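One structure below.
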Amino acid sequence: MLRRSIIVASGTLALTLGGHRLLPELGGFTPVLESLLPWLGAAVPVLLVLALATRSWQVIFTALLPATVWAVMFGPAMLRTPPGGPSDLSVATLNVGATNGDSADAVRSVSEGRDLVAVQELTPGGPAAEVLNDRFPHRYRIATVGLWSRFPIAEARKADIGLDWARALRAVVVTPRGRVTVYVMHLASARPGQTDLRDETLTYARRMIDKDESPHLLLLGDLNTATTDRKRSGLVPPLSDAQQEAGAGFGFTWPAAFPVTRPDHILYRGMTATTASVEPAAGSDHRAAVASLRLAA
């Protein structure tokens with residue numbers, strides 16, 4: 001009975017990991033499951049220990065299947081080293097938390113040494129905005145999202161992501177190496193059985209990216225879409241992911257106390273990511289995603 005259970009569990013786990021995109025969405029449950037996909041690997045050592053206890057090579061071999069699939073899927077992220085080299089932009093994005101009493105300290109630490117800082121869940125006129133206003137000469141904020149820049153902002157406007165309230169903006173930043181179009185977005189939330197509105201905002205975001213002919217483009221923000229969520233494939237490609245290209249590990253950002261997934265992203269085109277990482281942010285339930293990038297000629 002134990003042997004059969006281990007074989008069934010191992011086969012199911014291997015198929016779920018390797019074939020998760022073939023699973024039906026089940027009313028939005030599967031995309032949420034995909035957000036936690038790397039954590040399914042926690043079952044691998046348990047299955048291996050149980051398999052070894054049976055002393056059956058057939059069972060042990062079967063238990064190695066999900067281990068192999070997990071290693072192929074996620075091993076490169078664990079072994080990746082940042083390419084490094086010179087960079088033109090240091091950027092950060094943070095969902096600071098609407099009720100965060102330490103928001104000033106959060107943005108103070110995250111913004112240190114940055115050229116661009118994107119913030120979501122801002123309190124208009126609150127302490128986070130005040131700190132950033134003092135640190136950066138250029139800014140554009142609309143409702144609860146904002147962008148602060150060390151370089152001039154030539155254009156700025158609200159961006160429509162299909163919500164009844166403003167949670168996205170588009171700005172053009174004039175850097176010494178050329179203009180960079182920057183989108184800051186806070187897409188709708190995704191929960192089990194409640195992903196339709198999030199999916200709709202993702203569709204709006206993709207349409208904007210497709211229509212935008214800017215050679216250098218950044219998309220920063222809380223996209224409420226994990227790296228392993230099937231719906232994020234609508235954005236990557238055509239954009240690249242700084243964490244996947246230049247970060248070590250998974251770069252989980254939520255929840256801050258013990259991150260298990262990554263809804264916060266730095267996506268781009270017309271650039272090369274040289275480093276990417278995650279930083280703590282006082283009081284927020286998110287950690288900040290940060291990266292350095294080099295503009296393509």
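Residues are named by chain letter and number: chains run A, B, ... in the order of the structure tokens, numbers start at 1 in each chain, and ligands are numbered from 1 in the order shown.
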
Set the distance at 6 Å and use only C-alpha atoms: which residues neighbour segment 180-191 of chain A once local chain neighbours fewer than 6 positions away are removed? I'd like the list as a list of chain:residue names.
A:Arg167, A:Ala168, A:Leu169, A:Arg170, A:Ala171, A:Val172, A:Val173, A:Arg198, A:Thr201, A:His216, A:Leu217, A:Leu218, A:Leu219, A:Leu220, A:Gly221, A:Asp222, A:Leu223, A:Asn224

Restrict the calculation to only C-alpha atoms, then for each residue of segment 196-278 of chain A with any atom at most 8 Å from an atom of segment 35-51 of chain A give the closest atom pair and their distance in Å to one decimal, rows by chain and rising residue number, as a Markdown table.
| residue | atom | partner | partner_atom | distance |
| --- | --- | --- | --- | --- |
| A:Thr225 | CA | A:Ser35 | CA | 7.5 |
| A:Ala226 | CA | A:Ser35 | CA | 5.0 |
| A:Thr227 | CA | A:Ser35 | CA | 7.1 |
| A:Thr228 | CA | A:Ser35 | CA | 5.5 |
| A:Asp229 | CA | A:Ser35 | CA | 5.2 |
| A:Val260 | CA | A:Leu36 | CA | 6.8 |
| A:Thr261 | CA | A:Ser35 | CA | 6.1 |
| A:Arg262 | CA | A:Ser35 | CA | 7.8 |

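For the pair atom CA of Thr93 of chain A and atom CA of Arg21 of chain A, the separation is 28.3 Å.
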
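With only C-alpha atoms as the atoms that count, the residue of A:Thr274, A:Thr253, A:Gln243, A:Ser10 with the shortest distance to Ile60 of chain A is A:Ser10.
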
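Residues in contact with Ala248 of chain A at up to 8 Å, not including ones fewer than 6 positions away on its chain and judged by only C-alpha atoms, are Ala77, Met78, Leu79, Arg80, Thr81, Pro82, Ala276 and Ser277 of chain A.
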
With DSSP run on the backbone, what are the alpha helix (DSSP H) residues within segment 77-182 of chain A? I'd like them as a ChimeraX atom specification.
/A:77-79,103-110,127-135

Restricted to C-alpha atoms, what would the selected residues look like written as a JSON list (two decimals), in the first residue's frame?
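Contents of result_2.json, freshly written:
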[["chain", "number", "residue", "atom", "x", "y", "z"],
["A", 77, "ALA", "CA", 17.21, 30.03, -10.97],
["A", 78, "MET", "CA", 18.99, 28.68, -7.90],
["A", 79, "LEU", "CA", 22.36, 28.52, -9.68],
["A", 103, "SER", "CA", 6.12, 53.91, 4.90],
["A", 104, "ALA", "CA", 8.64, 56.75, 5.21],
["A", 105, "ASP", "CA", 11.32, 54.36, 6.44],
["A", 106, "ALA", "CA", 10.35, 51.84, 3.77],
["A", 107, "VAL", "CA", 10.89, 54.19, 0.83],
["A", 108, "ARG", "CA", 13.91, 55.83, 2.47],
["A", 109, "SER", "CA", 15.84, 52.55, 2.45],
["A", 110, "VAL", "CA", 14.56, 51.29, -0.91],
["A", 127, "PRO", "CA", 4.99, 60.34, 4.59],
["A", 128, "ALA", "CA", 6.28, 58.06, 1.80],
["A", 129, "ALA", "CA", 5.52, 60.67, -0.86],
["A", 130, "GLU", "CA", 7.11, 63.39, 1.28],
["A", 131, "VAL", "CA", 10.37, 61.44, 1.64],
["A", 132, "LEU", "CA", 10.52, 60.71, -2.08],
["A", 133, "ASN", "CA", 9.71, 64.32, -2.98],
["A", 134, "ASP", "CA", 12.70, 65.42, -0.92],
["A", 135, "ARG", "CA", 15.01, 62.88, -2.54]]

Can you list, as a PyMOL selection string, all residues belonging to segment 108-185 of chain A that DSSP tags as strand (DSSP E or B)?
chain A and resi 116-120+138-142+145-149+153-158+168-175+178-185

Output N, CA, C and O atoms for every residue in that selection, as a short mmCIF file (atom, residue, chain, number, x, y, z; two decimals), in the first residue's frame.
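Written output follows (selection_13.cif):
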data_model
loop_
_atom_site.label_atom_id
_atom_site.label_comp_id
_atom_site.auth_asym_id
_atom_site.auth_seq_id
_atom_site.Cartn_x
_atom_site.Cartn_y
_atom_site.Cartn_z
N LEU A 116 15.32 55.51 -10.44
CA LEU A 116 13.87 55.50 -10.59
C LEU A 116 13.26 54.66 -9.48
O LEU A 116 13.75 53.56 -9.18
N VAL A 117 12.19 55.16 -8.89
CA VAL A 117 11.47 54.41 -7.86
C VAL A 117 9.98 54.46 -8.17
O VAL A 117 9.39 55.55 -8.29
N ALA A 118 9.37 53.29 -8.33
CA ALA A 118 7.93 53.17 -8.57
C ALA A 118 7.28 52.68 -7.28
O ALA A 118 7.78 51.75 -6.64
N VAL A 119 6.17 53.31 -6.91
CA VAL A 119 5.50 52.95 -5.66
C VAL A 119 4.01 52.74 -5.92
O VAL A 119 3.39 53.48 -6.69
N GLN A 120 3.46 51.73 -5.26
CA GLN A 120 2.03 51.46 -5.32
C GLN A 120 1.45 51.52 -3.90
O GLN A 120 2.17 51.39 -2.92
N HIS A 138 12.29 64.96 -9.74
CA HIS A 138 11.23 64.79 -10.74
C HIS A 138 10.29 63.68 -10.29
O HIS A 138 10.73 62.65 -9.76
N ARG A 139 8.99 63.90 -10.54
CA ARG A 139 8.01 62.93 -10.06
C ARG A 139 6.71 63.05 -10.84
O ARG A 139 6.42 64.10 -11.43
N TYR A 140 5.96 61.96 -10.83
CA TYR A 140 4.60 62.00 -11.35
C TYR A 140 3.79 60.98 -10.57
O TYR A 140 4.18 59.81 -10.46
N ARG A 141 2.71 61.45 -9.97
CA ARG A 141 1.86 60.58 -9.18
C ARG A 141 0.42 60.75 -9.60
O ARG A 141 -0.03 61.86 -9.90
N ILE A 142 -0.31 59.64 -9.65
CA ILE A 142 -1.73 59.68 -9.92
C ILE A 142 -2.41 58.70 -8.97
O ILE A 142 -2.09 57.51 -8.97
N VAL A 145 -0.54 55.40 -7.21
CA VAL A 145 0.70 54.95 -7.83
C VAL A 145 1.54 56.18 -8.20
O VAL A 145 1.00 57.25 -8.51
N GLY A 146 2.86 56.01 -8.17
CA GLY A 146 3.72 57.14 -8.48
C GLY A 146 5.09 56.70 -8.97
O GLY A 146 5.52 55.56 -8.74
N LEU A 147 5.75 57.62 -9.65
CA LEU A 147 7.11 57.39 -10.14
C LEU A 147 7.96 58.59 -9.74
O LEU A 147 7.59 59.74 -9.99
N TRP A 148 9.10 58.30 -9.14
CA TRP A 148 10.07 59.34 -8.77
C TRP A 148 11.37 59.08 -9.54
O TRP A 148 11.78 57.92 -9.68
N SER A 149 11.96 60.17 -10.04
CA SER A 149 13.09 60.03 -10.96
C SER A 149 14.19 61.04 -10.68
O SER A 149 13.93 62.21 -10.34
N ILE A 153 11.38 64.14 -16.36
CA ILE A 153 10.24 63.42 -16.93
C ILE A 153 9.63 64.31 -18.01
O ILE A 153 9.09 65.38 -17.72
N ALA A 154 9.73 63.87 -19.26
CA ALA A 154 9.29 64.70 -20.38
C ALA A 154 7.79 64.62 -20.60
O ALA A 154 7.15 65.60 -20.99
N GLU A 155 7.21 63.45 -20.37
CA GLU A 155 5.77 63.25 -20.56
C GLU A 155 5.26 62.38 -19.43
O GLU A 155 5.98 61.53 -18.91
N ALA A 156 4.00 62.58 -19.07
CA ALA A 156 3.40 61.73 -18.04
C ALA A 156 1.88 61.81 -18.15
O ALA A 156 1.32 62.88 -18.40
N ARG A 157 1.24 60.65 -17.96
CA ARG A 157 -0.22 60.62 -18.02
C ARG A 157 -0.73 59.35 -17.35
O ARG A 157 0.03 58.40 -17.11
N LYS A 158 -2.02 59.34 -17.09
CA LYS A 158 -2.68 58.14 -16.59
C LYS A 158 -2.69 57.07 -17.67
O LYS A 158 -2.82 57.37 -18.86
N ALA A 168 -2.51 53.08 -12.68
CA ALA A 168 -1.41 52.91 -13.63
C ALA A 168 -1.07 54.25 -14.25
O ALA A 168 -1.92 55.13 -14.40
N LEU A 169 0.20 54.38 -14.64
CA LEU A 169 0.65 55.60 -15.30
C LEU A 169 1.71 55.27 -16.34
O LEU A 169 2.32 54.19 -16.31
N ARG A 170 1.90 56.21 -17.25
CA ARG A 170 2.94 56.11 -18.27
C ARG A 170 3.74 57.41 -18.25
O ARG A 170 3.17 58.50 -18.25
N ALA A 171 5.06 57.29 -18.20
CA ALA A 171 5.93 58.47 -18.18
C ALA A 171 7.12 58.22 -19.10
O ALA A 171 7.53 57.07 -19.32
N VAL A 172 7.68 59.29 -19.63
CA VAL A 172 8.88 59.21 -20.45
C VAL A 172 10.00 59.93 -19.69
O VAL A 172 9.92 61.13 -19.43
N VAL A 173 11.02 59.18 -19.33
CA VAL A 173 12.15 59.70 -18.56
C VAL A 173 13.33 59.95 -19.49
O VAL A 173 13.68 59.07 -20.30
N VAL A 174 13.93 61.13 -19.38
CA VAL A 174 15.05 61.49 -20.25
C VAL A 174 16.35 61.22 -19.50
O VAL A 174 16.76 61.99 -18.63
N THR A 175 17.01 60.10 -19.83
CA THR A 175 18.27 59.73 -19.19
C THR A 175 19.44 60.19 -20.05
O THR A 175 19.26 60.52 -21.24
N GLY A 178 19.44 58.27 -23.25
CA GLY A 178 18.27 58.30 -24.11
C GLY A 178 16.98 58.21 -23.32
O GLY A 178 16.98 58.06 -22.10
N ARG A 179 15.88 58.31 -24.04
CA ARG A 179 14.56 58.29 -23.41
C ARG A 179 14.16 56.86 -23.04
O ARG A 179 14.39 55.92 -23.81
N VAL A 180 13.51 56.75 -21.87
CA VAL A 180 12.99 55.47 -21.40
C VAL A 180 11.52 55.66 -21.06
O VAL A 180 11.17 56.53 -20.25
N THR A 181 10.67 54.88 -21.70
CA THR A 181 9.25 54.90 -21.37
C THR A 181 9.01 53.98 -20.18
O THR A 181 9.41 52.82 -20.19
N VAL A 182 8.37 54.53 -19.14
CA VAL A 182 8.17 53.79 -17.90
C VAL A 182 6.68 53.67 -17.61
O VAL A 182 5.98 54.69 -17.52
N TYR A 183 6.22 52.44 -17.45
CA TYR A 183 4.86 52.19 -16.97
C TYR A 183 4.95 51.75 -15.51
O TYR A 183 5.77 50.90 -15.16
N VAL A 184 4.10 52.32 -14.69
CA VAL A 184 3.94 51.87 -13.31
C VAL A 184 2.51 51.37 -13.17
O VAL A 184 1.56 52.11 -13.48
N MET A 185 2.34 50.13 -12.73
CA MET A 185 1.01 49.53 -12.68
C MET A 185 0.78 48.78 -11.38
O MET A 185 1.70 48.19 -10.81
#

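For the atom pair formed by atom CA of Tyr204 of chain A and atom CA of Pro238 of chain A, the distance is 14.4 Å, given to one decimal.
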
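Computed from the coordinates, the atom CA of Pro215 of chain A to atom CA of Tyr268 of chain A distance equals 10.1 Å.
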
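Minimum atom-to-atom distances from A:Leu293, A:Leu33, A:Ala257, A:Ile161 to Ala281 of chain A were compared using only C-alpha atoms, and the lowest value belongs to A:Ala257.
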